[in-house]
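Engineer: Handing over run.txt, compact mmCIF, C-alpha atoms.
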# COMPACT_ATOMS: atom_id res chain seq x y z
CA MET A 1 139.40 89.86 133.42
CA VAL A 2 136.78 92.27 134.68
CA ARG A 3 137.46 94.29 137.80
CA PRO A 4 135.63 97.25 139.37
CA ASP A 5 137.42 100.56 139.60
CA GLY A 6 136.72 103.10 142.32
CA SER A 7 133.49 104.32 140.70
CA GLY A 8 131.99 100.85 140.40
CA THR A 9 132.63 100.71 136.64
CA PHE A 10 133.84 97.39 135.29
CA ARG A 11 136.52 97.05 132.64
CA TRP A 12 136.79 94.33 130.00
CA HIS A 13 139.89 94.42 127.76
CA GLY A 14 139.97 98.20 127.97
CA TYR A 15 136.24 98.74 127.54
CA GLU A 16 134.12 100.23 130.28
CA LEU A 17 131.00 98.27 131.17
CA PRO A 18 128.16 99.06 133.57
CA PRO A 19 127.91 96.92 136.69
CA PRO A 20 126.12 93.61 136.03
CA MET A 21 122.42 93.43 136.91
CA VAL A 22 123.19 90.30 138.95
CA ASN A 23 124.70 91.84 142.06
CA ARG A 24 125.12 88.68 144.11
CA LEU A 25 126.37 85.20 143.22
CA ILE A 26 125.72 82.06 145.26
CA LEU A 27 127.69 78.93 144.51
CA HIS A 28 126.25 75.65 145.81
CA VAL A 29 128.99 73.01 145.76
CA GLY A 30 127.35 69.85 147.13
CA ASP A 31 128.17 67.54 148.73
CA CYS A 32 126.61 64.82 146.62
CA LYS A 33 123.70 63.06 148.35
CA THR A 34 122.76 66.03 150.52
CA GLY A 35 119.45 66.91 148.88
CA THR A 36 121.08 68.64 145.92
CA THR A 37 118.44 67.47 143.43
CA SER A 38 115.63 68.83 145.61
CA ILE A 39 117.47 72.13 146.12
CA GLN A 40 117.96 72.44 142.36
CA ALA A 41 114.27 71.71 141.70
CA ALA A 42 113.31 74.43 144.20
CA LEU A 43 115.68 76.90 142.56
CA ARG A 44 114.15 76.23 139.14
CA ALA A 45 110.65 76.67 140.59
CA THR A 46 111.64 79.90 142.33
CA GLU A 47 113.19 81.29 139.15
CA ALA A 48 109.96 80.52 137.27
CA ASP A 49 107.84 82.20 139.98
CA ASN A 50 109.67 85.52 139.62
CA ALA A 51 110.08 85.72 143.38
CA SER A 52 111.75 88.56 145.25
CA PRO A 53 114.67 88.89 145.21
CA SER A 54 114.61 87.93 141.55
CA LEU A 55 116.61 84.78 140.93
CA PHE A 56 118.56 83.55 137.92
CA TYR A 57 119.33 79.82 137.85
CA GLY A 58 119.47 79.17 134.13
CA ALA A 59 120.00 75.40 134.01
CA PRO A 60 117.55 72.59 133.18
CA VAL A 61 118.98 70.44 135.98
CA ASN A 62 122.31 71.58 137.46
CA HIS A 63 125.57 73.29 136.56
CA ASN A 64 127.87 70.29 136.75
CA PHE A 65 128.88 71.02 133.17
CA LEU A 66 130.75 74.01 134.57
CA VAL A 67 133.02 71.95 136.81
CA ASP A 68 133.24 68.73 134.78
CA PRO A 69 136.18 70.07 132.71
CA LEU A 70 138.08 70.67 135.95
CA LEU A 71 137.73 66.98 136.86
CA ASP A 72 138.85 65.40 133.59
CA PRO A 73 142.27 66.29 132.13
CA ILE A 74 140.96 65.32 128.69
CA ASP A 75 138.28 68.04 128.91
CA ALA A 76 140.46 70.62 130.64
CA CYS A 77 140.86 72.59 127.40
CA SER A 78 137.12 73.34 127.42
CA ALA A 79 137.14 74.89 130.92
CA ASP A 80 138.01 78.37 129.62
CA GLN A 81 135.15 78.23 127.16
CA VAL A 82 132.48 77.11 129.63
CA PHE A 83 133.52 79.69 132.23
CA ALA A 84 133.63 82.45 129.62
CA ASP A 85 130.14 81.41 128.49
CA ALA A 86 128.97 81.48 132.12
CA ALA A 87 130.34 85.00 132.55
CA ARG A 88 128.49 86.23 129.45
CA THR A 89 125.29 84.54 130.62
CA LEU A 90 125.46 86.08 134.08
CA ALA A 91 126.26 89.50 132.63
CA GLY A 92 123.06 89.34 130.59
CA ALA A 93 120.83 87.87 133.28
CA LYS A 94 117.84 90.00 134.34
CA ALA A 95 117.88 89.14 138.03
CA GLU A 96 119.31 90.37 141.31
CA VAL A 97 120.79 87.08 142.50
CA ALA A 98 122.29 84.19 140.53
CA VAL A 99 122.79 80.67 141.83
CA ILE A 100 125.20 78.11 140.39
CA SER A 101 124.56 74.63 141.78
CA ALA A 102 127.11 71.94 140.95
CA GLU A 103 127.41 69.08 143.41
CA MET A 104 130.32 67.60 141.44
CA ALA A 105 132.36 70.55 142.71
CA GLU A 106 132.82 68.32 145.78
CA PHE A 107 135.59 66.59 143.83
CA VAL A 108 137.23 69.75 142.45
CA ASP A 109 140.33 71.29 144.00
CA PRO A 110 139.04 74.53 145.58
CA GLU A 111 142.19 76.40 144.51
CA LEU A 112 141.64 75.36 140.88
CA LEU A 113 137.99 76.38 140.95
CA ALA A 114 138.88 79.69 142.61
CA SER A 115 141.39 80.42 139.85
CA TYR A 116 138.65 80.14 137.22
CA LEU A 117 136.24 82.21 139.28
CA GLU A 118 138.92 84.89 139.59
CA ARG A 119 139.66 84.76 135.88
CA TYR A 120 136.11 84.86 134.55
CA LEU A 121 133.65 85.80 137.31
CA ALA A 122 135.74 88.34 139.21
CA GLN A 123 133.06 91.04 139.17
CA TRP A 124 130.85 88.85 141.36
CA LEU A 125 133.50 87.71 143.82
CA PRO A 126 133.05 90.54 146.37
CA ASP A 127 129.48 89.33 147.01
CA LEU A 128 130.10 85.61 146.51
CA THR A 129 128.66 83.06 148.94
CA VAL A 130 129.69 79.40 148.65
CA ILE A 131 127.46 76.87 150.41
CA ALA A 132 128.10 73.18 151.00
CA TYR A 133 126.30 70.49 153.01
CA VAL A 134 127.92 67.50 154.66
CA ARG A 135 126.32 64.22 155.74
CA PRO A 136 127.55 62.41 158.85
CA HIS A 137 130.05 59.73 157.90
CA GLY A 138 127.86 56.65 158.26
CA ALA A 139 124.90 58.20 156.44
CA ARG A 140 127.16 59.37 153.62
CA LEU A 141 128.54 55.86 153.20
CA LEU A 142 125.02 54.43 152.84
CA SER A 143 123.71 57.14 150.51
CA GLY A 144 126.82 57.05 148.34
CA TYR A 145 126.69 53.28 148.10
CA ALA A 146 123.02 53.32 147.05
CA GLU A 147 123.73 55.98 144.41
CA ASN A 148 126.66 54.05 142.95
CA ILE A 149 124.72 50.78 142.96
CA LYS A 150 121.67 52.17 141.17
CA LYS A 151 123.79 53.73 138.39
CA GLY A 152 126.08 50.73 138.03
CA ASP A 153 129.21 52.65 139.00
CA TYR A 154 129.93 50.09 141.71
CA THR A 155 128.68 46.53 142.17
CA GLY A 156 130.73 45.34 145.16
CA SER A 157 129.86 45.06 148.84
CA LEU A 158 129.22 47.85 151.32
CA PRO A 159 132.41 47.11 153.36
CA ASP A 160 134.46 47.20 150.16
CA PHE A 161 132.82 50.51 149.24
CA LEU A 162 133.91 51.90 152.61
CA ASP A 163 137.48 50.87 151.76
CA HIS A 164 137.11 52.59 148.40
CA LEU A 165 135.92 55.89 149.92
CA THR A 166 138.57 55.74 152.63
CA ARG A 167 141.34 55.35 150.04
CA ARG A 168 139.96 58.28 148.04
CA GLY A 169 139.65 60.43 151.16
CA ASP A 170 136.01 61.39 150.53
CA LEU A 171 134.99 60.87 154.17
CA PHE A 172 137.84 62.84 155.72
CA TYR A 173 135.86 66.03 156.02
CA ALA A 174 138.09 68.25 158.16
CA PRO A 175 140.96 68.56 155.65
CA ARG A 176 138.65 68.67 152.62
CA PHE A 177 136.39 71.44 153.88
CA GLY A 178 139.30 73.08 155.62
CA LYS A 179 140.80 73.70 152.18
CA TRP A 180 137.58 75.36 151.01
CA ARG A 181 137.70 77.61 154.07
CA ALA A 182 141.39 78.38 153.47
CA VAL A 183 140.69 79.44 149.89
CA LEU A 184 137.40 81.31 150.43
CA GLY A 185 137.50 82.41 154.06
CA ASP A 186 134.17 83.52 155.52
CA GLN A 187 132.54 83.35 152.09
CA PHE A 188 132.43 79.57 152.52
CA ILE A 189 129.54 78.20 154.61
CA LEU A 190 129.31 74.55 155.61
CA ARG A 191 125.98 73.22 156.86
CA PRO A 192 125.36 69.82 158.50
CA PHE A 193 122.98 67.58 156.57
CA SER A 194 121.16 66.16 159.56
CA GLY A 195 117.48 66.63 160.32
CA ALA A 196 117.86 68.18 163.76
CA ASP A 197 120.25 70.84 162.45
CA LEU A 198 118.34 71.84 159.30
CA THR A 199 115.72 74.58 159.20
CA ALA A 200 112.37 72.82 159.83
CA GLY A 201 114.24 69.56 159.22
CA CYS A 202 114.29 70.34 155.47
CA VAL A 203 117.42 70.91 153.42
CA VAL A 204 115.55 73.01 150.84
CA ARG A 205 114.25 75.41 153.48
CA ASP A 206 117.67 75.42 155.12
CA PHE A 207 119.37 76.34 151.84
CA PHE A 208 116.94 79.18 151.14
CA GLU A 209 117.37 80.57 154.63
CA THR A 210 121.16 80.28 154.44
CA ALA A 211 121.40 81.72 150.93
CA PHE A 212 118.64 84.34 150.93
CA ASP A 213 117.54 84.62 154.57
CA ALA A 214 114.18 83.39 153.23
CA PRO A 215 112.93 80.19 154.89
CA ASP A 216 109.50 80.46 153.21
CA LEU A 217 109.54 79.15 149.67
CA PRO A 218 107.18 80.32 146.90
CA ALA A 219 106.30 76.65 146.34
CA MET A 220 107.72 73.51 147.86
CA PRO A 221 108.50 71.01 145.08
CA ARG A 222 108.11 67.32 145.68
CA ARG A 223 111.11 65.47 147.01
CA GLU A 224 113.55 64.48 144.28
CA ASN A 225 115.89 61.51 143.95
CA GLU A 226 114.38 59.61 146.88
CA GLY A 227 116.33 56.67 148.26
CA LEU A 228 115.59 53.10 147.20
CA CYS A 229 114.96 50.19 149.50
CA LEU A 230 117.43 47.31 149.83
CA GLU A 231 115.28 44.99 147.69
CA ASP A 232 115.16 47.45 144.77
CA LEU A 233 118.88 48.16 145.06
CA ALA A 234 119.57 44.42 144.89
CA MET A 235 117.43 44.21 141.77
CA LEU A 236 119.19 47.09 139.99
CA ARG A 237 122.60 45.75 141.01
CA HIS A 238 121.67 42.40 139.47
CA VAL A 239 120.80 44.11 136.16
CA HIS A 240 124.07 46.07 136.11
CA LYS A 241 126.07 42.93 136.92
CA ASN A 242 124.25 41.10 134.10
CA TRP A 243 125.25 43.82 131.64
CA ARG A 244 128.85 43.92 132.85
CA ALA A 245 129.10 40.15 132.41
CA ARG A 246 128.22 40.69 128.74
CA THR A 247 130.82 43.44 128.24
CA GLY A 248 133.77 41.87 130.03
CA GLY A 249 133.25 44.03 133.10
CA GLU A 250 132.73 47.38 131.39
CA LYS A 251 129.82 49.64 132.27
CA VAL A 252 127.32 49.85 129.40
CA PRO A 253 126.39 53.14 127.71
CA GLY A 254 123.16 54.48 129.16
CA ALA A 255 123.64 52.82 132.56
CA ASP A 256 123.67 56.22 134.29
CA ALA A 257 120.42 57.27 132.61
CA PHE A 258 118.87 53.91 133.50
CA GLY A 259 119.95 54.12 137.13
CA TRP A 260 118.90 57.74 137.49
CA ASN A 261 115.41 57.39 136.02
CA ILE A 262 114.21 53.86 136.83
CA PRO A 263 113.91 54.71 140.56
CA SER A 264 111.05 57.13 139.86
CA LEU A 265 109.04 54.18 138.53
CA LEU A 266 110.01 52.02 141.49
CA THR A 267 109.08 54.59 144.13
CA ALA A 268 105.81 55.34 142.32
CA ARG A 269 104.90 51.66 142.79
CA PRO A 270 106.45 50.88 146.18
CA ARG A 271 106.97 47.33 147.38
CA GLN A 272 104.69 46.01 150.09
CA HIS A 273 107.80 45.00 152.02
CA ARG A 274 110.62 47.53 152.03
CA THR A 275 113.89 47.19 153.93
CA ALA A 276 116.01 50.28 154.49
CA LEU A 277 119.69 49.99 153.66
CA ALA A 278 121.50 50.02 157.01
CA LEU A 279 124.84 49.54 158.71
CA ASP A 280 125.67 46.55 160.85
CA VAL A 281 127.47 46.72 164.17
CA LYS A 282 130.81 45.60 162.81
CA LEU A 283 130.80 48.18 160.00
CA ALA A 284 129.60 50.93 162.36
CA GLU A 285 132.56 50.20 164.63
CA ARG A 286 134.94 50.44 161.68
CA ILE A 287 133.49 53.82 160.71
CA ALA A 288 133.73 55.13 164.27
CA THR A 289 137.31 53.93 164.65
CA THR A 290 138.41 55.44 161.34
CA PHE A 291 136.56 58.75 161.39
CA SER A 292 135.83 59.73 165.00
CA ASP A 293 138.78 62.13 165.10
CA ASP A 294 137.74 63.66 161.79
CA ALA A 295 134.18 64.13 163.09
CA ALA A 296 135.45 65.98 166.17
CA ARG A 297 137.74 68.19 164.09
CA THR A 298 134.95 69.00 161.62
CA ASP A 299 132.55 69.93 164.43
CA GLU A 300 135.14 72.12 166.11
CA ALA A 301 136.03 73.94 162.89
CA PHE A 302 132.58 74.51 161.43
CA PHE A 303 129.67 73.95 163.83
CA LYS A 304 128.49 75.40 167.13
CA SER A 305 126.95 72.06 168.06
CA ALA A 306 128.50 68.64 167.43
CA PRO A 307 126.37 67.06 164.66
CA MET A 308 129.12 64.84 163.27
CA VAL A 309 130.10 63.38 166.66
CA SER A 310 126.46 63.02 167.74
CA ALA A 311 125.73 61.07 164.57
CA PHE A 312 128.22 58.38 165.63
CA GLU A 313 126.23 57.74 168.79
CA GLN A 314 122.98 57.37 166.83
CA MET A 315 124.72 55.25 164.19
CA GLN A 316 125.90 52.72 166.76
CA LYS A 317 122.49 52.62 168.48
CA THR A 318 120.66 51.75 165.26
CA ALA A 319 123.25 49.39 163.72
CA LEU A 320 122.01 45.91 162.88
CA PRO A 321 123.50 42.87 164.61
CA VAL A 322 124.02 41.09 161.28
CA ALA A 323 125.13 42.57 157.97
CA GLN A 324 122.55 42.87 155.19
CA SER A 325 122.97 41.08 151.88
CA ILE A 326 122.56 42.90 148.59
CA GLU A 327 122.59 39.69 146.53
CA ALA A 328 119.39 39.44 144.48
CA GLU A 329 119.04 35.76 145.43
CA HIS A 330 118.41 36.80 149.03
CA HIS A 331 115.49 39.06 148.11
CA LEU A 332 113.94 37.65 144.93
CA SER A 333 112.59 34.24 143.96
CA ALA A 334 114.17 32.17 141.20
CA ASP A 335 111.26 33.07 138.90
CA GLU A 336 111.66 36.77 139.62
CA ILE A 337 115.38 36.58 138.84
CA ARG A 338 114.54 34.75 135.60
CA CYS A 339 112.27 37.65 134.57
CA LEU A 340 114.93 40.15 135.61
CA ASP A 341 117.55 38.42 133.45
CA ILE A 342 115.19 38.47 130.46
CA PHE A 343 114.57 42.19 131.03
CA ALA A 344 118.34 42.80 131.23
CA GLU A 345 118.92 40.91 127.98
CA VAL A 346 116.21 42.85 126.12
CA CYS A 347 117.73 46.14 127.33
CA PHE A 348 121.24 45.01 126.42
CA ARG A 349 120.21 44.19 122.86
CA GLN A 350 118.70 47.66 122.55
CA ILE A 351 121.92 49.17 123.90
CA GLU A 352 123.95 47.20 121.32
CA GLN A 353 121.78 48.48 118.48
CA ASP A 354 121.27 52.09 119.62
CA ALA A 355 122.98 53.10 122.85
CA GLY A 356 122.01 56.74 122.38
CA GLY A 357 118.38 55.85 121.81
CA PHE A 358 118.36 53.70 124.93
CA ALA A 359 119.79 56.54 127.03
CA ARG A 360 117.23 59.00 125.63
CA ALA A 361 114.39 56.57 126.36
CA MET A 362 115.60 56.21 129.95
CA ARG A 363 115.79 59.99 130.40
CA ASP A 364 112.20 60.30 129.15
CA LEU A 365 110.80 57.80 131.67
CA ARG A 366 107.93 59.11 133.74
CA PRO A 367 105.66 57.24 136.15
CA CYS A 368 102.23 56.52 134.70
CA ALA A 369 99.34 58.37 136.32
Written as structure tokens, that's how I'd like the structure from this file.
Structural biologist:
Amino acid sequence: MVRPDGSGTFRWHGYELPPPMVNRLILHVGDCKTGTTSIQAALRATEADNASPSLFYGAPVNHNFLVDPLLDPIDACSADQVFADAARTLAGAKAEVAVISAEMAEFVDPELLASYLERYLAQWLPDLTVIAYVRPHGARLLSGYAENIKKGDYTGSLPDFLDHLTRRGDLFYAPRFGKWRAVLGDQFILRPFSGADLTAGCVVRDFFETAFDAPDLPAMPRRENEGLCLEDLAMLRHVHKNWRARTGGEKVPGADAFGWNIPSLLTARPRQHRTALALDVKLAERIATTFSDDAARTDEAFFKSAPMVSAFEQMQKTALPVAQSIEAEHHLSADEIRCLDIFAEVCFRQIEQDAGGFARAMRDLRPCA
């Protein structure tokens, strides 16, 4: 463990080391589906632009690899190695500020993460800032459902997905973020992911202002990981269900890469008719009944305004009278479904022969000019 003595010198197993060049560490811990991909793209662009203050990001996409071992008991033995590697990397970084962005930290016990930070990154803890964003409950349900559908992690209905998240406790924000605050104190900052409460209505600008007090970016990257319409979600769900039917219900290798990268092709060639995924009145009432107290507690604990409670009012105003269907048969013709099944079969045969090659091909997908 490295700790500063009174002179600012750091000690490592008895050796004296100069203070690290990185003098401030920012940890971005999600939540998932709060513009994390766009924030990460902006951080990479800022690092490349050599902006002031100089920034070290050091990841091709994100730093989820750092927290993944804390989520899987099978990989727990590798946590010491990845955190030790991170410490060495930060110690050698030629920048004033370092940012670690790992949205999967949403699912990590803050006390467990803090123990690894204390063990390996202690020299940066005095100037640590931890930032998280939170979507209002209804919006998080919709965005999480779309994400799980497109990657094949879930193929059930939206009401069943609400039951799933409720059982896991993902949407009970007050106790979850309260634990982060209890562990980190004022070093933990929670921001509402709602347009009216974000700087210029943009989560990237909001993050840069919160993290660096710099709302003006060197270059605004294009939006990343844009949401899919209901029709495209129904199509991708149909493909994933086709594959699962061939595997006895198991998710196929490469499904994540497929679900992550196919949307860029779909949004580059948008449908003439696009329907936004939305809540219906009945489901909105369930959400309000279950989470209204949590919304009030979250607002009281973290926000000067009441973004979580206000979102319930807007949610109920915009809810549809009848629930949407995500069945492909309700959005595609019989001939279109026939073509989709043929496409799914061709992909499945490729997966059977070379699952790794299929995943690599999906990761290399780019929209044609």
Engineer: So that I can see what lies close to Arg246 of chain A, please list as a ChimeraX atom specification the residues with an atom at most 10 Å from it, counting all atoms listed in the file and leaving out residues fewer than 5 positions away in the same chain.
Structural biologist: /A:241,251-252,345,348
Engineer: Please report the interatomic distance between atom CA of Gln316 of chain A and atom CA of Asp206 of chain A in Å with one decimal.
Structural biologist: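 These two atoms are separated by 26.8 Å.
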Engineer: List as a PyMOL selection string the protein and nucleic acid residues near Ala361 of chain A, meaning an atom at most 12 Å away when only C-alpha atoms are counted, but skip any in the same chain fewer than 6 places from it.
Structural biologist: chain A and resi 254-255+257-258+261-262+347+350-351+354-355
Engineer: State, in Å with one decimal place, the distance from atom CA of Tyr173 of chain A to atom CA of Asn148 of chain A.
Structural biologist: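 The value is 20.0 Å.
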Engineer: Between A:Lys304, A:His63, A:Lys317, A:Arg349, single out the one closest to Ala278 of chain A, counting all atoms listed in the file.
Structural biologist: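 Ranking A:Lys304, A:His63, A:Lys317, A:Arg349 by distance to Ala278 of chain A, first place goes to A:Lys317.
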Engineer: What gap, in Å, lies between atom CA of Val309 of chain A and atom CA of Leu171 of chain A?
Structural biologist: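 Here the two named atoms are 13.6 Å from each other.
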Engineer: Which residue is closest to Pro253 of chain A? Choose from A:Cys229, A:Ile39, A:Ala359, A:Leu121 and count all atoms listed in the file.
Structural biologist: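 The answer is A:Ala359, which sits nearest to Pro253 of chain A.
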Engineer: So which residues fall inside 12 Å of (130.5, 77.2, 151.8) if we count all atoms listed in the file? Mind giving them as number ranges by chain?
Structural biologist: A: 26-31, 101, 105-106, 110, 128-134, 176-192, 207, 210-211, 302
Engineer: Wanna dump the segment 253-300 of chain A-segment 319-337 of chain A contacts at 12 Å for me, each residue with its shortest atom pair and the distance in Å to one decimal, counting only C-alpha atoms, ordered by chain and number, as CSV?
Structural biologist:
residue,atom,partner,partner_atom,distance
A:Arg271,CA,A:His331,CA,11.9
A:His273,CA,A:His331,CA,10.5
A:Arg274,CA,A:His331,CA,10.5
A:Thr275,CA,A:Gln324,CA,9.8
A:Ala276,CA,A:Gln324,CA,9.9
A:Leu277,CA,A:Gln324,CA,7.8
A:Ala278,CA,A:Ala319,CA,7.0
A:Leu279,CA,A:Ala319,CA,5.3
A:Asp280,CA,A:Leu320,CA,4.2
A:Val281,CA,A:Ala319,CA,5.0
A:Lys282,CA,A:Pro321,CA,8.0
A:Leu283,CA,A:Ala323,CA,8.2
A:Ala284,CA,A:Ala319,CA,6.7
A:Glu285,CA,A:Ala319,CA,9.4
A:Arg286,CA,A:Ala319,CA,11.9
A:Ile287,CA,A:Ala319,CA,11.6
A:Ala288,CA,A:Ala319,CA,12.0
Engineer: Which of these, A:Ala245, A:Ala42, A:Leu233, A:Leu340, has the shortest distance to Val203 of chain A once you count only C-alpha atoms?
Structural biologist: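 Once distances to Val203 of chain A are computed over only C-alpha atoms, the minimum belongs to A:Ala42.
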Engineer: A:Glu231, A:Glu96, A:Glu352, A:Glu300: which is nearest Thr267 of chain A, counting only C-alpha atoms?
Structural biologist: A:Glu231
